[in-house]
Amino acid sequence: MHGYRLQGAGYGGRDLKRLLITGAAGALGRAMRARVAHLAEIVRLSDIAELGTAEPHEEIMPCDLGDAAAVHRLVEGCDAILHLGGISVEDKFSKILNANLLGLYNLYEAARAHGQPRILFASSNHTVGFYRQDEHVEADAPMRPDGLYGVSKCFGEALARMYFEKFGQETALVRIGSCMEKPTNHRMLSTWMSYDDFAALIACVFRAPMLGCPILWGISDNDSRWWDNSHAAYLGWRPRDNAEHFRAELELSPGRPETSSPLAVYQGGMFTQDPIFTED
Ligand code: NAI
Ligand code: 15L
């Protein structure tokens with residue numbers, strides 16, 4: 001942890017009363033659970049997978065995002081939502097439909113009914129996966145999703161934008177690159193975001209006096225980055241880690257991909273090669 005010290009949380013510095021984390025049993029949920037605990041008096045954890053035992057400041061509410069009534073109960077009483085839940089890789093459309101499309105609609109309808117808590121939506125670089133790695137992509141460039149999963153994140157961004165335009169619902173649309181302990185291939189020299197940088201971004205999103213509905217690139221301060229967040233400087237997020245520190249290690253293993261490999265050609269890497277997974 002690189003020692004962010006936040007005096008107060010909540011919009012404009014007030015403490016949040018209750019922060020909801022969906023997808024809390026997943027890789028990012030488990031990594032963020034302790035890192036964002038300081039932001040709120042109570043952290044409500046939700047998933048369809050096992051969540052373990054609640055700490056004194058936590059409450060556990062299992063919920064399928066596709067169940068509208070359950071999502072309404074889940075969101076009630078929350079003043080901020082870290083939305084990590086859903087299908088996180090390419091999959092059958094029926095699974096993506098339930099968790100990422102219906103689930104997101106349920107979440108935004110519940111938010112509309114319960115005071116419009118600010119939302120951080122875990123979008124993905126796979127909204128723009130078919131751009132080539134030698135292209136610099138602006139946040140407002142046309143989407144070029146690389147699969148049904150990427151399309152579901154495009155839907156999520158569009159839905160969030162509509163709720164912002166129509167109702168003033170604030171959301172940070174964070175196009176996460178590759179958020180993990182450390183980068184594991186050369187592509188991630190560009191796409192990596194450290195857990196600590198993500199936790200700091202979450203804090204900035206929920207502390208900002210005014211958020212709006214910006215698209216943010218979820219990456220560390222990587223030398224090899226393809227995207228930049230200068231349009232969102234008002235949030236005050238300064239990522240501190242840099243995938244470059246891992247370059248020598250990656251040269252040894254797994255080594256550089258062939259220049260013609262999708263891993264070296266497309267921003268979305270191997271996701272561009274996934275088939276459409278049909279129903280059985
Ligand atoms: P993950 O797959 O480890 O976690 C997702 C969680 O959502 C799982 O615990 C799963 O049980 C839960 N979930 C799935 N369907 C559900 C449903 N119908 N109802 C309730 N919960 C459901 O994914 P990870 O890596 O933790 O990612 C979190 C979010 O960030 C995902 O939305 C993913 O698309 C997004 N993201 C992650 C990136 C990364 O590098 N880890 C990169 C880009 C986006
Ligand atoms: C994602 O959207 C996935 O959720 C994650 O598992 C990683 O594969 C990441 O993108 C990536 O592109 O590296």
# chains A, B, ... in the order shown; residues from 1 in each chain; ligands from 1

call {"tool": "select_by_dssp", "arguments": {"residues": "region 74-104 of chain A", "states": "helix (DSSP H, G or I)", "output": "list in words"}}
result
Leu74, Val75, Phe93, Ser94, Lys95, Ile96, Leu97, Asn98, Ala99, Asn100, Leu101, Leu102, Gly103 and Leu104 of chain A

call {"tool": "residues_near_ligand", "arguments": {"ligand": "ligand 2", "cutoff": "6 Å", "atoms": "only C-alpha atoms and all ligand atoms", "output": "PyMOL selection string"}}
result
chain A and resi 88-89+124+126+177-178+268

call {"tool": "residues_near_ligand", "arguments": {"ligand": "ligand 1", "cutoff": "8 Å", "atoms": "only C-alpha atoms and all ligand atoms", "output": "ChimeraX atom specification"}}
result
/A:22-30,46-49,62-66,83-89,95,98-100,103,121-126,149,153,175-180,192-193

call {"tool": "closest_residue", "arguments": {"among": "A:Ala158, A:Leu216, A:Ala80, A:Leu101", "to": "Leu173 (chain A)", "atoms": "only C-alpha atoms"}}
result
A:Leu216

call {"tool": "residues_around", "arguments": {"residues": "Glu76 (chain A)", "least_positions_apart": "2", "cutoff": "8 Å", "atoms": "only C-alpha atoms", "output": "ChimeraX atom specification"}}
result
/A:72-74,78,110-111,114

call {"tool": "write_last_selection", "arguments": {"atoms": "N, CA, C and O atoms", "output": "compact mmCIF listing (two decimals), in the first residue's frame"}}
result
# COMPACT_ATOMS: atom_id res chain seq x y z
N HIS A 72 -33.40 -3.86 -5.54
CA HIS A 72 -34.01 -2.70 -4.87
C HIS A 72 -33.73 -2.74 -3.37
O HIS A 72 -33.35 -1.73 -2.78
N ARG A 73 -33.88 -3.91 -2.77
CA ARG A 73 -33.59 -4.03 -1.32
C ARG A 73 -32.10 -3.77 -1.06
O ARG A 73 -31.72 -3.16 -0.06
N LEU A 74 -31.27 -4.22 -1.99
CA LEU A 74 -29.81 -4.08 -1.84
C LEU A 74 -29.37 -2.62 -1.82
O LEU A 74 -28.52 -2.21 -1.03
N CYS A 78 -28.18 3.02 0.79
CA CYS A 78 -26.78 3.23 0.40
C CYS A 78 -26.59 4.61 -0.20
O CYS A 78 -27.43 5.07 -0.97
N ALA A 110 -33.02 0.91 -9.27
CA ALA A 110 -33.00 0.92 -7.80
C ALA A 110 -32.38 2.22 -7.30
O ALA A 110 -32.88 2.84 -6.35
N ALA A 111 -31.31 2.66 -7.95
CA ALA A 111 -30.67 3.92 -7.55
C ALA A 111 -31.64 5.09 -7.73
O ALA A 111 -31.72 5.99 -6.88
N HIS A 114 -34.01 5.19 -4.91
CA HIS A 114 -33.45 5.32 -3.55
C HIS A 114 -32.42 6.44 -3.45
O HIS A 114 -31.32 6.25 -2.92

call {"tool": "closest_residue", "arguments": {"among": "A:Ala113, A:Trp237, A:Leu252, A:Met61", "to": "Arg207 (chain A)", "atoms": "only C-alpha atoms"}}
result
A:Trp237

call {"tool": "residues_around", "arguments": {"residues": "Val128 (chain A)", "least_positions_apart": "6", "cutoff": "7 Å", "atoms": "only C-alpha atoms", "output": "VMD selection string"}}
result
chain A and resid 143 to 145

call {"tool": "write_last_selection", "arguments": {"atoms": "all heavy atoms", "output": "JSON list (two decimals), in the first residue's frame"}}
result
[["chain", "number", "residue", "atom", "x", "y", "z"],
["A", 143, "MET", "N", -16.73, 3.73, -29.80],
["A", 143, "MET", "CA", -16.43, 2.44, -29.16],
["A", 143, "MET", "C", -16.09, 1.40, -30.22],
["A", 143, "MET", "O", -16.64, 1.42, -31.32],
["A", 143, "MET", "CB", -17.66, 1.99, -28.36],
["A", 143, "MET", "CG", -17.96, 2.86, -27.17],
["A", 143, "MET", "SD", -19.60, 2.52, -26.55],
["A", 143, "MET", "CE", -19.54, 3.39, -24.98],
["A", 144, "ARG", "N", -15.21, 0.49, -29.88],
["A", 144, "ARG", "CA", -14.87, -0.62, -30.78],
["A", 144, "ARG", "C", -14.74, -1.89, -29.94],
["A", 144, "ARG", "O", -13.64, -2.41, -29.75],
["A", 144, "ARG", "CB", -13.59, -0.31, -31.56],
["A", 144, "ARG", "CG", -13.78, 0.87, -32.52],
["A", 144, "ARG", "CD", -12.54, 1.19, -33.31],
["A", 144, "ARG", "NE", -12.21, 0.14, -34.25],
["A", 144, "ARG", "CZ", -11.13, 0.16, -35.05],
["A", 144, "ARG", "NH1", -10.30, 1.19, -35.00],
["A", 144, "ARG", "NH2", -10.90, -0.82, -35.88],
["A", 145, "PRO", "N", -15.87, -2.37, -29.40],
["A", 145, "PRO", "CA", -15.82, -3.52, -28.49],
["A", 145, "PRO", "C", -15.29, -4.76, -29.19],
["A", 145, "PRO", "O", -15.47, -4.93, -30.39],
["A", 145, "PRO", "CB", -17.28, -3.69, -28.06],
["A", 145, "PRO", "CG", -18.09, -3.04, -29.13],
["A", 145, "PRO", "CD", -17.25, -1.90, -29.64]]

call {"tool": "residues_around", "arguments": {"residues": "Tyr195 (chain A)", "least_positions_apart": "6", "cutoff": "10 Å", "atoms": "only C-alpha atoms", "output": "JSON list (two decimals) with all heavy atoms, in the first residue's frame"}}
result
[["chain", "number", "residue", "atom", "x", "y", "z"],
["A", 1, "MET", "N", 0.86, -1.19, 0.00],
["A", 1, "MET", "CA", 0.00, 0.00, 0.00],
["A", 1, "MET", "C", 0.90, 1.25, 0.00],
["A", 1, "MET", "O", 1.88, 1.27, 0.71],
["A", 1, "MET", "CB", -0.87, 0.03, 1.26],
["A", 1, "MET", "CG", -1.76, -1.19, 1.43],
["A", 1, "MET", "SD", -3.43, -0.89, 0.88],
["A", 1, "MET", "CE", -4.31, -0.76, 2.39],
["A", 28, "LEU", "N", -11.46, -8.25, -7.75],
["A", 28, "LEU", "CA", -11.32, -6.85, -7.35],
["A", 28, "LEU", "C", -12.07, -6.56, -6.06],
["A", 28, "LEU", "O", -11.63, -5.75, -5.24],
["A", 28, "LEU", "CB", -11.81, -5.91, -8.47],
["A", 28, "LEU", "CG", -10.96, -5.90, -9.74],
["A", 28, "LEU", "CD1", -11.39, -4.77, -10.67],
["A", 28, "LEU", "CD2", -9.48, -5.77, -9.41],
["A", 31, "ALA", "N", -9.90, -7.54, -3.32],
["A", 31, "ALA", "CA", -8.75, -6.63, -3.20],
["A", 31, "ALA", "C", -9.16, -5.27, -2.63],
["A", 31, "ALA", "O", -8.38, -4.61, -1.93],
["A", 31, "ALA", "CB", -8.07, -6.45, -4.55],
["A", 32, "MET", "N", -10.39, -4.83, -2.92],
["A", 32, "MET", "CA", -10.82, -3.49, -2.49],
["A", 32, "MET", "C", -11.48, -3.48, -1.11],
["A", 32, "MET", "O", -11.54, -2.45, -0.45],
["A", 32, "MET", "CB", -11.80, -2.88, -3.51],
["A", 32, "MET", "CG", -11.17, -2.56, -4.85],
["A", 32, "MET", "SD", -9.74, -1.45, -4.69],
["A", 32, "MET", "CE", -8.45, -2.50, -5.35],
["A", 35, "ARG", "N", -9.30, -2.07, 1.43],
["A", 35, "ARG", "CA", -8.70, -0.81, 0.99],
["A", 35, "ARG", "C", -9.69, 0.36, 0.99],
["A", 35, "ARG", "O", -9.28, 1.51, 1.07],
["A", 35, "ARG", "CB", -8.11, -0.96, -0.42],
["A", 35, "ARG", "CG", -6.77, -1.70, -0.46],
["A", 35, "ARG", "CD", -6.29, -1.84, -1.89],
["A", 35, "ARG", "NE", -4.93, -2.32, -2.01],
["A", 35, "ARG", "CZ", -4.58, -3.61, -1.99],
["A", 35, "ARG", "NH1", -5.50, -4.54, -1.84],
["A", 35, "ARG", "NH2", -3.31, -3.96, -2.10],
["A", 179, "CYS", "N", -6.44, -4.80, -13.85],
["A", 179, "CYS", "CA", -6.21, -4.49, -12.44],
["A", 179, "CYS", "C", -5.88, -5.79, -11.70],
["A", 179, "CYS", "O", -6.76, -6.64, -11.53],
["A", 179, "CYS", "CB", -7.43, -3.80, -11.84],
["A", 179, "CYS", "SG", -7.13, -3.14, -10.19],
["A", 180, "MET", "N", -4.65, -5.90, -11.33],
["A", 180, "MET", "CA", -4.19, -7.12, -10.65],
["A", 180, "MET", "C", -2.92, -6.78, -9.89],
["A", 180, "MET", "O", -2.42, -5.65, -9.99],
["A", 180, "MET", "CB", -3.97, -8.25, -11.65],
["A", 180, "MET", "CG", -3.20, -7.88, -12.88],
["A", 180, "MET", "SD", -3.30, -9.14, -14.16],
["A", 180, "MET", "CE", -5.02, -9.03, -14.64],
["A", 181, "GLU", "N", -2.44, -7.76, -9.13],
["A", 181, "GLU", "CA", -1.28, -7.49, -8.27],
["A", 181, "GLU", "C", -0.09, -6.95, -9.08],
["A", 181, "GLU", "O", 0.56, -6.00, -8.68],
["A", 181, "GLU", "CB", -0.90, -8.76, -7.53],
["A", 181, "GLU", "CG", -0.13, -8.46, -6.28],
["A", 181, "GLU", "CD", -0.04, -9.67, -5.39],
["A", 181, "GLU", "OE1", -0.89, -10.59, -5.50],
["A", 181, "GLU", "OE2", 0.89, -9.70, -4.59],
["A", 182, "LYS", "N", 0.19, -7.61, -10.20],
["A", 182, "LYS", "CA", 1.26, -7.09, -11.06],
["A", 182, "LYS", "C", 0.98, -7.50, -12.50],
["A", 182, "LYS", "O", 0.23, -8.46, -12.74],
["A", 182, "LYS", "CB", 2.63, -7.59, -10.60],
["A", 182, "LYS", "CG", 2.78, -9.08, -10.55],
["A", 182, "LYS", "CD", 4.15, -9.41, -9.96],
["A", 182, "LYS", "CE", 4.53, -10.84, -10.30],
["A", 182, "LYS", "NZ", 5.89, -11.18, -9.94],
["A", 201, "LEU", "N", -8.37, 5.85, -6.71],
["A", 201, "LEU", "CA", -9.36, 6.38, -7.66],
["A", 201, "LEU", "C", -10.77, 6.30, -7.06],
["A", 201, "LEU", "O", -11.56, 7.25, -7.17],
["A", 201, "LEU", "CB", -9.30, 5.59, -8.97],
["A", 201, "LEU", "CG", -10.41, 5.89, -9.99],
["A", 201, "LEU", "CD1", -10.41, 7.37, -10.38],
["A", 201, "LEU", "CD2", -10.24, 5.02, -11.23],
["A", 220, "SER", "N", -2.57, 2.60, -14.15],
["A", 220, "SER", "CA", -1.56, 3.27, -13.34],
["A", 220, "SER", "C", -0.78, 4.27, -14.19],
["A", 220, "SER", "O", -1.12, 4.50, -15.36],
["A", 220, "SER", "CB", -0.63, 2.22, -12.71],
["A", 220, "SER", "OG", -1.28, 1.61, -11.60],
["A", 241, "ASP", "N", 1.72, 4.14, -9.27],
["A", 241, "ASP", "CA", 2.48, 2.96, -9.68],
["A", 241, "ASP", "C", 2.73, 3.00, -11.18],
["A", 241, "ASP", "O", 2.10, 3.78, -11.91],
["A", 241, "ASP", "CB", 1.76, 1.69, -9.24],
["A", 241, "ASP", "CG", 1.78, 1.56, -7.71],
["A", 241, "ASP", "OD1", 2.86, 1.74, -7.13],
["A", 241, "ASP", "OD2", 0.72, 1.34, -7.10]]

call {"tool": "select_by_dssp", "arguments": {"residues": "region 43-204 of chain A", "states": "strand (DSSP E)", "output": "list in words"}}
result
Val43, Arg44, Leu45, Glu58, Glu59, Ile60, Ala80, Ile81, Leu82, His83, Arg118, Ile119, Leu120, Phe121, Ala122, Ser123, Ser124, Thr171, Ala172, Leu173, Val174, Arg175, Ile176, Ser178, Cys179, Trp192 and Met193 of chain A

call {"tool": "closest_residue", "arguments": {"among": "A:Ala248, A:Leu148, A:Ala199, A:Leu159", "to": "Asp274 (chain A)", "atoms": "only C-alpha atoms"}}
result
A:Leu148

call {"tool": "residues_around", "arguments": {"residues": "Met210 (chain A)", "least_positions_apart": "3", "cutoff": "12 Å", "atoms": "only C-alpha atoms", "output": "number ranges by chain"}}
result
A: 10-13, 118, 168-172, 204-207, 213-214, 232, 234-236

call {"tool": "residues_around", "arguments": {"residues": "Phe93 (chain A)", "least_positions_apart": "4", "cutoff": "8 Å", "atoms": "only C-alpha atoms", "output": "number ranges by chain"}}
result
A: 97, 148, 277-279

call {"tool": "write_last_selection", "arguments": {"atoms": "N, CA and C atoms", "output": "short mmCIF file (atom, residue, chain, number, x, y, z; two decimals), in the first residue's frame"}}
result
data_model
loop_
_atom_site.label_atom_id
_atom_site.label_comp_id
_atom_site.auth_asym_id
_atom_site.auth_seq_id
_atom_site.Cartn_x
_atom_site.Cartn_y
_atom_site.Cartn_z
N LEU A 97 -26.32 -11.31 -20.45
CA LEU A 97 -27.62 -10.62 -20.46
C LEU A 97 -28.15 -10.43 -19.04
N LEU A 148 -18.89 -9.86 -26.93
CA LEU A 148 -20.19 -9.58 -26.29
C LEU A 148 -19.98 -8.97 -24.91
N PHE A 277 -19.61 -17.44 -27.81
CA PHE A 277 -19.92 -18.68 -27.08
C PHE A 277 -21.43 -18.92 -27.15
N THR A 278 -21.83 -19.89 -27.95
CA THR A 278 -23.26 -20.14 -28.13
C THR A 278 -23.82 -20.95 -26.97
N GLU A 279 -25.15 -20.90 -26.80
CA GLU A 279 -25.81 -21.67 -25.74
C GLU A 279 -25.70 -23.15 -26.09
#

call {"tool": "atom_distance", "arguments": {"atom1": "CA of Asp140 (chain A)", "atom2": "CA of Trp226 (chain A)"}}
result
14.0 Å

call {"tool": "atom_distance", "arguments": {"atom1": "CA of Asp15 (chain A)", "atom2": "CA of Phe164 (chain A)"}}
result
23.3 Å
